[in-house]
Amino acid sequence: MRYISTRGGVEPIEFQDAVLMGLGDDGGLIIPESIPDVSGKLDEWRKLSYAELAFEVISLFASDIPAADLKELIDKTYGEAFAGGVAPVVPVGDVFVMEMWHGPTLAFKDVALQLLGNLFEYILERRGGRMNILGATSGDTGSAAIAGIRGRSGIDIFVMHPHGRVSSIQERQMTTVPDANVHNIAVEGSFDDCQRIMKNLATDLPFKRKYSLGAINSVNWARVLAQIVYYFSGVFGVQDAAPAGGRRPAGASGVRICVPTGNFGDILAGWYAMRMGCPISRLILATNENDILSRFFNTGQYRLGQDHQTLAPAMDIQVASNFERYLYYRIGEDPAELRRLMQQFAETGSLHVKPGPDGTVDSAFISDSADTDDVLNAIRRVHEEHGYLIDPHTACGWSVADRVAAPDNNEPILCLATAHPAKFPDAIRQGTGKDIAHHPVIDALADLPTRCKLLPNDEQAVRDFIIRTKGTDQ
Ligand SMILES: *Cc1c(COP(=O)(O)O)cnc(C)c1O
């Protein structure tokens with residue numbers, strides 16, 4: 001499989017080059033040249049373990065890695081680090097929940113970032129050279145990325161977070177990591193400032209090349225790819241399960257999958273899985289009050305809205321970096337038209353796509369948003385009725401799934417549980433009135449020493465910090 005850019009300015013490249021490139025050198029997003037159809041393989045695939053399934057899916061897209069190497073890399077990724085299972089499916093009332101928080105930092109991002117860390121290391125070991133990862137985080141990505149890269153040889157990681165605007169647990173998950181190749185930067189600004197600095201440095205090609213800058217955010221194709229796997233395993237898990245409540249297992253029909261959405265990376269992987277032939281009937285896209293994506297799927301208008309701070313901070317995103325990948329397909333894979341739309345969006349904060357004949361933008365998606373009351377209600381209700389705790393991101397999804405689940409549709413619903421509730425104890429306390437969200441991994445952070453560099457909200461300051469840090473030991 002070879003890779004191109006949504007903006008048409010990257011000559012076809014192999015998988016390993018796509019992983020190293022991160023953001024396309026033309027400012028676009030890297031995508032595969034084609035999407036394989038695997039519908040004939042489902043019966044065989046449903047018998048596989050998670051690691052075996054991951055090998056089948058990923059090898060279709062990573063043809064420049066020898067099969068034996070890829071297998072070893074995947075077995076190493078999805079072994080010990082996910083002792084509780086990678087993405088187990090459990091029934092909760094009459095829906096199914098896919099628990100995606102069994103990795104080292106208790107968020108679903110571990111599933112992709114553990115693989116990406118191993119991929120970077122594999123590629124650098126063979127090609128030689130070093131690499132510097134630059135990331136921006138509103139909370140969860142940073143710790144999962146650090147956990148994927150810490151202690152690896154040949155790679156340093158620089159993670160910017162907005163100073164004072166991530167939760168203390170999230171901050172400690174990042175700044176207590178002692179490895180010398182981990183550099184935390186607190187920027188005196190917002191998450192969008194951090195993301196802007198990152199994007200500016202990643203499109204400064206001389207700097208990007210000199211310091212071998214790589215990307216760990218979900219513009220990196222390998223992250224989307226790793227996430228495609230659990231849409232298959234999730235559907236198989238539901239289909240194999242006993243009927244839950246009144247909803248029969250899918251059998252011949254499909255499964256509706258509800259995804260709490262921020263940067264559109266996770267649900268985009270679901271969309272690729274659907275295109276590959278995974279029996280997903282609908283993707284339910286749930287946002288919080290930062291609802292640009294749900295407004296888009298309901299109206300065709302993609303327009304910047306007001307920025308809200310919510311109980312689900314990993315979804316407090318206005319400009320979803322992966323949306324460009326989806327838009328490329330939606331407008332008929334036309335790079336010139338895509339460049340025109342993105343230019344228009346950059347200039348006016350808005351772009352428009354013509355709805356289809358049925359009035360919706362895409363019949364693959366149903367979409368809605370959840371506000372703070374919805375989230376707290378979902379946390380409370382799921383706990384009261386089922387004795388099961390969900391985190392505020394998962395609760396956004398739960399609330400939306402509940403609202404859009406037409407009673408006459410008995411296709412099963414699978415809700416993605418994207419973080420462990422112990423990462424958000426305040427929201428759990430507000431929802432349930434009890435202090436019941438704990439996890440030993442989080443409790444253990446309390447007394448550890450922290451390391452972090454405070455920098456002004458300034459691209460040059462971050463650039464200088466990277467140069468200074470790398471100047472001394474490169
Ligand atoms: C990142 C994140 C999301 C949003 O995923 P996207 O791929 O950005 O859409 C949802 N929930 C949690 C807990 C997250 O960390």
# chains A, B, ... in the order shown; residues from 1 in each chain; ligands from 1

$ residues_near_ligand --ligand "ligand 1" --cutoff "10 Å" --atoms "only C-alpha atoms and all ligand atoms" --output "ChimeraX atom specification"
/A:100-101,106-110,137-144,217-218,223-224,227,259-269,285-287,312-317,320-323,391-397,416-421,423-424

$ write_last_selection --atoms "C-alpha atoms" --output "mmCIF file, in the first residue's frame"
data_model
loop_
_atom_site.group_PDB
_atom_site.id
_atom_site.type_symbol
_atom_site.label_atom_id
_atom_site.label_comp_id
_atom_site.auth_asym_id
_atom_site.auth_seq_id
_atom_site.Cartn_x
_atom_site.Cartn_y
_atom_site.Cartn_z
ATOM 1 C CA MET A 100 -10.754 0.838 25.825
ATOM 2 C CA TRP A 101 -8.982 1.997 28.951
ATOM 3 C CA LEU A 106 -6.110 4.371 31.227
ATOM 4 C CA ALA A 107 -7.336 5.999 27.992
ATOM 5 C CA PHE A 108 -8.118 4.554 24.573
ATOM 6 C CA LYS A 109 -5.254 6.500 23.038
ATOM 7 C CA ASP A 110 -2.865 3.890 24.461
ATOM 8 C CA THR A 137 -2.207 17.956 24.355
ATOM 9 C CA SER A 138 -5.324 19.109 26.118
ATOM 10 C CA GLY A 139 -4.760 16.253 28.574
ATOM 11 C CA ASP A 140 -5.020 12.635 27.518
ATOM 12 C CA THR A 141 -2.917 12.481 24.371
ATOM 13 C CA GLY A 142 0.165 13.753 26.164
ATOM 14 C CA SER A 143 0.347 11.059 28.797
ATOM 15 C CA ALA A 144 -0.470 8.276 26.339
ATOM 16 C CA ASN A 217 -1.149 13.334 17.290
ATOM 17 C CA SER A 218 -3.805 11.718 15.172
ATOM 18 C CA ARG A 223 -2.825 6.065 14.828
ATOM 19 C CA VAL A 224 -5.921 5.866 12.676
ATOM 20 C CA GLN A 227 -7.772 2.110 15.716
ATOM 21 C CA VAL A 259 -18.023 7.290 19.517
ATOM 22 C CA PRO A 260 -17.305 10.280 21.811
ATOM 23 C CA THR A 261 -15.557 12.571 19.359
ATOM 24 C CA GLY A 262 -13.023 15.405 19.525
ATOM 25 C CA ASN A 263 -10.349 15.406 16.823
ATOM 26 C CA PHE A 264 -12.354 12.959 14.661
ATOM 27 C CA GLY A 265 -9.507 10.405 14.748
ATOM 28 C CA ASP A 266 -11.294 7.590 16.509
ATOM 29 C CA ILE A 267 -14.540 7.762 14.549
ATOM 30 C CA LEU A 268 -12.640 8.170 11.291
ATOM 31 C CA ALA A 269 -11.073 4.769 11.974
ATOM 32 C CA LEU A 285 -20.968 10.716 16.517
ATOM 33 C CA ALA A 286 -21.266 12.300 19.961
ATOM 34 C CA THR A 287 -19.788 15.695 20.823
ATOM 35 C CA ALA A 312 -14.932 16.026 28.859
ATOM 36 C CA PRO A 313 -11.778 18.055 28.096
ATOM 37 C CA ALA A 314 -10.338 15.644 25.518
ATOM 38 C CA MET A 315 -13.312 16.598 23.339
ATOM 39 C CA ASP A 316 -12.960 20.382 23.826
ATOM 40 C CA ILE A 317 -11.769 20.852 20.279
ATOM 41 C CA ALA A 320 -10.761 18.592 14.291
ATOM 42 C CA SER A 321 -7.495 17.739 12.584
ATOM 43 C CA ASN A 322 -8.776 14.494 11.047
ATOM 44 C CA PHE A 323 -11.839 16.051 9.508
ATOM 45 C CA ASP A 391 -16.125 8.602 32.565
ATOM 46 C CA PRO A 392 -17.470 11.953 31.281
ATOM 47 C CA HIS A 393 -16.346 11.336 27.672
ATOM 48 C CA THR A 394 -18.044 7.970 27.567
ATOM 49 C CA ALA A 395 -21.061 9.627 29.205
ATOM 50 C CA CYS A 396 -21.351 12.106 26.306
ATOM 51 C CA GLY A 397 -21.559 9.130 23.996
ATOM 52 C CA LEU A 416 -16.918 3.154 23.161
ATOM 53 C CA ALA A 417 -15.667 3.741 26.729
ATOM 54 C CA THR A 418 -12.668 5.946 26.023
ATOM 55 C CA ALA A 419 -11.218 6.580 29.494
ATOM 56 C CA HIS A 420 -11.249 5.032 32.951
ATOM 57 C CA PRO A 421 -13.473 7.018 35.357
ATOM 58 C CA LYS A 423 -9.027 9.931 35.504
ATOM 59 C CA PHE A 424 -11.994 12.251 36.173
#

$ residues_around --residues "range 119-122 of chain A" --least-positions-apart "5" --cutoff "9 Å" --atoms "only C-alpha atoms" --output "list in words"
Gln16, Val19, Leu20, Asp69, Leu73, Gln114, Arg127, Met131, Ile149, Arg152, Ser153, Gly154, Ile155 and Ala222 of chain A

$ closest_atom_pairs --of "range 314-353 of chain A" --to "range 22-34 of chain A" --cutoff "12 Å" --atoms "only C-alpha atoms" --output "tab-separated table"
residue	atom	partner	partner_atom	distance
A:Ser321	CA	A:Leu29	CA	8.7
A:Asn322	CA	A:Leu29	CA	7.8
A:Phe323	CA	A:Leu29	CA	9.6
A:Glu324	CA	A:Leu29	CA	7.0
A:Arg325	CA	A:Leu29	CA	6.4
A:Tyr326	CA	A:Ile31	CA	10.1
A:Leu327	CA	A:Leu29	CA	10.9
A:Tyr328	CA	A:Leu29	CA	9.5
A:Tyr329	CA	A:Ile31	CA	10.2
A:Glu333	CA	A:Glu33	CA	10.4
A:Pro335	CA	A:Gly28	CA	9.4
A:Ala336	CA	A:Gly28	CA	11.6
A:Leu338	CA	A:Gly28	CA	9.5
A:Arg339	CA	A:Gly28	CA	8.7
A:Met342	CA	A:Gly28	CA	9.7
A:Gln343	CA	A:Gly27	CA	11.5

$ atom_distance --atom1 "CA of Asp307 in chain A" --atom2 "CA of Ser294 in chain A"
14.7 Å

$ select_by_dssp --residues "range 278-466 of chain A" --states "helix (DSSP H, G or I)" --output "PyMOL selection string"
chain A and resi 292-299+313-315+323-330+335-348+372-386+392-404+421-423+425-432+440-443+459-466

$ select_by_dssp --residues "range 9-258 of chain A" --states "strand (DSSP E)" --output "PyMOL selection string"
chain A and resi 13-14+30-32+89-92+95-99+131-136+155-162+182-188+213-215+255-258

$ write_last_selection --atoms "C-alpha atoms" --output "compact mmCIF listing (two decimals), in the first residue's frame"
# COMPACT_ATOMS: atom_id res chain seq x y z
CA ILE A 13 5.24 7.01 -0.40
CA GLU A 14 5.47 3.73 1.50
CA ILE A 30 -1.63 11.39 4.60
CA ILE A 31 -4.09 8.75 3.37
CA PRO A 32 -3.79 5.31 1.73
CA VAL A 89 -16.79 -5.84 25.05
CA VAL A 90 -19.11 -6.06 28.06
CA PRO A 91 -22.92 -5.85 28.23
CA VAL A 92 -24.29 -3.02 30.41
CA VAL A 95 -26.19 -1.79 25.27
CA PHE A 96 -22.67 -3.07 24.88
CA VAL A 97 -19.63 -1.18 26.11
CA MET A 98 -16.16 -1.55 24.64
CA GLU A 99 -13.70 -0.84 27.46
CA MET A 131 13.94 11.61 15.87
CA ASN A 132 12.14 14.23 17.93
CA ILE A 133 8.44 13.94 18.53
CA LEU A 134 6.52 17.14 19.05
CA GLY A 135 3.02 16.99 20.44
CA ALA A 136 0.31 19.21 21.87
CA ILE A 155 13.66 9.26 20.18
CA ASP A 156 12.95 12.30 22.30
CA ILE A 157 9.44 13.55 22.95
CA PHE A 158 8.39 17.16 23.58
CA VAL A 159 4.81 17.61 24.75
CA MET A 160 3.16 21.00 25.10
CA HIS A 161 0.16 21.46 27.34
CA PRO A 162 -1.68 24.67 28.23
CA VAL A 182 10.68 13.02 27.95
CA HIS A 183 10.34 16.84 27.91
CA ASN A 184 7.16 18.46 29.18
CA ILE A 185 6.44 22.05 28.20
CA ALA A 186 3.71 24.11 29.88
CA VAL A 187 2.76 26.89 27.45
CA GLU A 188 1.26 30.07 28.83
CA LEU A 213 10.36 16.20 13.82
CA GLY A 214 7.69 13.52 13.97
CA ALA A 215 4.03 13.64 14.93
CA VAL A 255 -24.03 -2.87 14.82
CA ARG A 256 -24.43 0.81 15.65
CA ILE A 257 -21.28 2.17 17.25
CA CYS A 258 -21.27 5.29 19.40

$ closest_residue --among "A:Val462, A:Leu304, A:Ala405, A:Leu454" --to "Leu201 in chain A" --atoms "only C-alpha atoms"
A:Val462

$ atom_distance --atom1 "CA of Ile197 in chain A" --atom2 "CA of Arg463 in chain A"
9.1 Å

$ atom_distance --atom1 "CA of His352 in chain A" --atom2 "CA of Ile284 in chain A"
21.1 Å

$ residues_around --residues "Ile35 in chain A" --least-positions-apart "2" --cutoff "9 Å" --atoms "only C-alpha atoms" --output "number ranges by chain"
A: 32-33, 37, 61, 272, 275-276

$ write_last_selection --atoms "C-alpha atoms" --output "PDB file, in the first residue's frame"
ATOM      1  CA  PRO A  32      -3.790   5.313   1.732  1.00  0.00           C
ATOM      2  CA  GLU A  33      -4.060   5.225  -2.063  1.00  0.00           C
ATOM      3  CA  ASP A  37     -12.374  -4.649   0.815  1.00  0.00           C
ATOM      4  CA  PHE A  61      -1.619  -1.174   4.991  1.00  0.00           C
ATOM      5  CA  TYR A 272     -12.509   3.279   7.327  1.00  0.00           C
ATOM      6  CA  ARG A 275     -15.652   1.155   4.057  1.00  0.00           C
ATOM      7  CA  MET A 276     -13.560  -2.012   4.336  1.00  0.00           C
TER       8      MET A 276
END

$ closest_residue --among "A:Ala145, A:Ile228, A:Met174, A:Leu124" --to "Leu60 in chain A" --atoms "only C-alpha atoms"
A:Ile228

$ residues_around --residues "Arg381 in chain A" --least-positions-apart "4" --cutoff "12 Å" --atoms "only C-alpha atoms" --output "VMD selection string"
chain A and resid 92 to 93 373 to 377 385 to 390 395 398 to 399 402 428 431 to 433

$ write_last_selection --atoms "C-alpha atoms" --output "PDB file, in the first residue's frame"
ATOM      1  CA  VAL A  92     -24.291  -3.023  30.405  1.00  0.00           C
ATOM      2  CA  GLY A  93     -28.082  -3.048  30.470  1.00  0.00           C
ATOM      3  CA  ASP A 373     -26.426  18.022  32.584  1.00  0.00           C
ATOM      4  CA  ASP A 374     -26.631  15.212  30.050  1.00  0.00           C
ATOM      5  CA  VAL A 375     -23.174  14.005  31.036  1.00  0.00           C
ATOM      6  CA  LEU A 376     -23.831  14.082  34.791  1.00  0.00           C
ATOM      7  CA  ASN A 377     -27.200  12.398  34.302  1.00  0.00           C
ATOM      8  CA  GLU A 385     -29.176   1.258  37.210  1.00  0.00           C
ATOM      9  CA  HIS A 386     -26.247  -0.975  36.368  1.00  0.00           C
ATOM     10  CA  GLY A 387     -23.619  -0.425  39.078  1.00  0.00           C
ATOM     11  CA  TYR A 388     -21.204   0.564  36.289  1.00  0.00           C
ATOM     12  CA  LEU A 389     -19.058   3.718  36.214  1.00  0.00           C
ATOM     13  CA  ILE A 390     -18.455   5.636  33.010  1.00  0.00           C
ATOM     14  CA  ALA A 395     -21.061   9.627  29.205  1.00  0.00           C
ATOM     15  CA  TRP A 398     -23.974   7.237  26.209  1.00  0.00           C
ATOM     16  CA  SER A 399     -26.314  10.201  26.423  1.00  0.00           C
ATOM     17  CA  ASP A 402     -29.682   6.911  24.257  1.00  0.00           C
ATOM     18  CA  ILE A 428     -17.811  11.204  38.970  1.00  0.00           C
ATOM     19  CA  GLY A 431     -22.603  12.763  38.928  1.00  0.00           C
ATOM     20  CA  THR A 432     -22.952  10.157  41.645  1.00  0.00           C
ATOM     21  CA  GLY A 433     -22.412  12.232  44.805  1.00  0.00           C
TER      22      GLY A 433
END

$ residues_around --residues "Gly359 in chain A" --least-positions-apart "5" --cutoff "10 Å" --atoms "only C-alpha atoms" --output "number ranges by chain"
A: 298-300, 354

$ write_last_selection --atoms "all heavy atoms" --output "PDB file, in the first residue's frame"
ATOM      1  N   ASN A 298     -25.331  17.352  10.652  1.00  0.00           N
ATOM      2  CA  ASN A 298     -26.769  17.616  10.585  1.00  0.00           C
ATOM      3  C   ASN A 298     -27.147  18.698   9.581  1.00  0.00           C
ATOM      4  O   ASN A 298     -28.319  18.798   9.208  1.00  0.00           O
ATOM      5  CB  ASN A 298     -27.304  17.970  11.978  1.00  0.00           C
ATOM      6  CG  ASN A 298     -27.330  16.736  12.885  1.00  0.00           C
ATOM      7  OD1 ASN A 298     -27.691  15.654  12.439  1.00  0.00           O
ATOM      8  ND2 ASN A 298     -26.904  16.879  14.126  1.00  0.00           N
ATOM      9  N   THR A 299     -26.177  19.515   9.141  1.00  0.00           N
ATOM     10  CA  THR A 299     -26.546  20.631   8.256  1.00  0.00           C
ATOM     11  C   THR A 299     -25.658  20.787   7.020  1.00  0.00           C
ATOM     12  O   THR A 299     -26.054  21.464   6.070  1.00  0.00           O
ATOM     13  CB  THR A 299     -26.439  21.983   9.009  1.00  0.00           C
ATOM     14  OG1 THR A 299     -25.063  22.217   9.335  1.00  0.00           O
ATOM     15  CG2 THR A 299     -27.281  21.986  10.276  1.00  0.00           C
ATOM     16  N   GLY A 300     -24.461  20.227   7.036  1.00  0.00           N
ATOM     17  CA  GLY A 300     -23.529  20.460   5.933  1.00  0.00           C
ATOM     18  C   GLY A 300     -22.634  21.685   6.142  1.00  0.00           C
ATOM     19  O   GLY A 300     -21.699  21.900   5.388  1.00  0.00           O
ATOM     20  N   LYS A 354     -22.638  20.146   0.259  1.00  0.00           N
ATOM     21  CA  LYS A 354     -24.041  19.983  -0.139  1.00  0.00           C
ATOM     22  C   LYS A 354     -24.574  18.653   0.398  1.00  0.00           C
ATOM     23  O   LYS A 354     -23.982  17.601   0.181  1.00  0.00           O
ATOM     24  CB  LYS A 354     -24.124  19.980  -1.668  1.00  0.00           C
ATOM     25  CG  LYS A 354     -25.451  20.413  -2.201  1.00  0.00           C
ATOM     26  CD  LYS A 354     -25.344  20.741  -3.691  1.00  0.00           C
ATOM     27  CE  LYS A 354     -26.655  20.506  -4.379  1.00  0.00           C
ATOM     28  NZ  LYS A 354     -26.854  19.195  -4.920  1.00  0.00           N
TER      29      LYS A 354
END
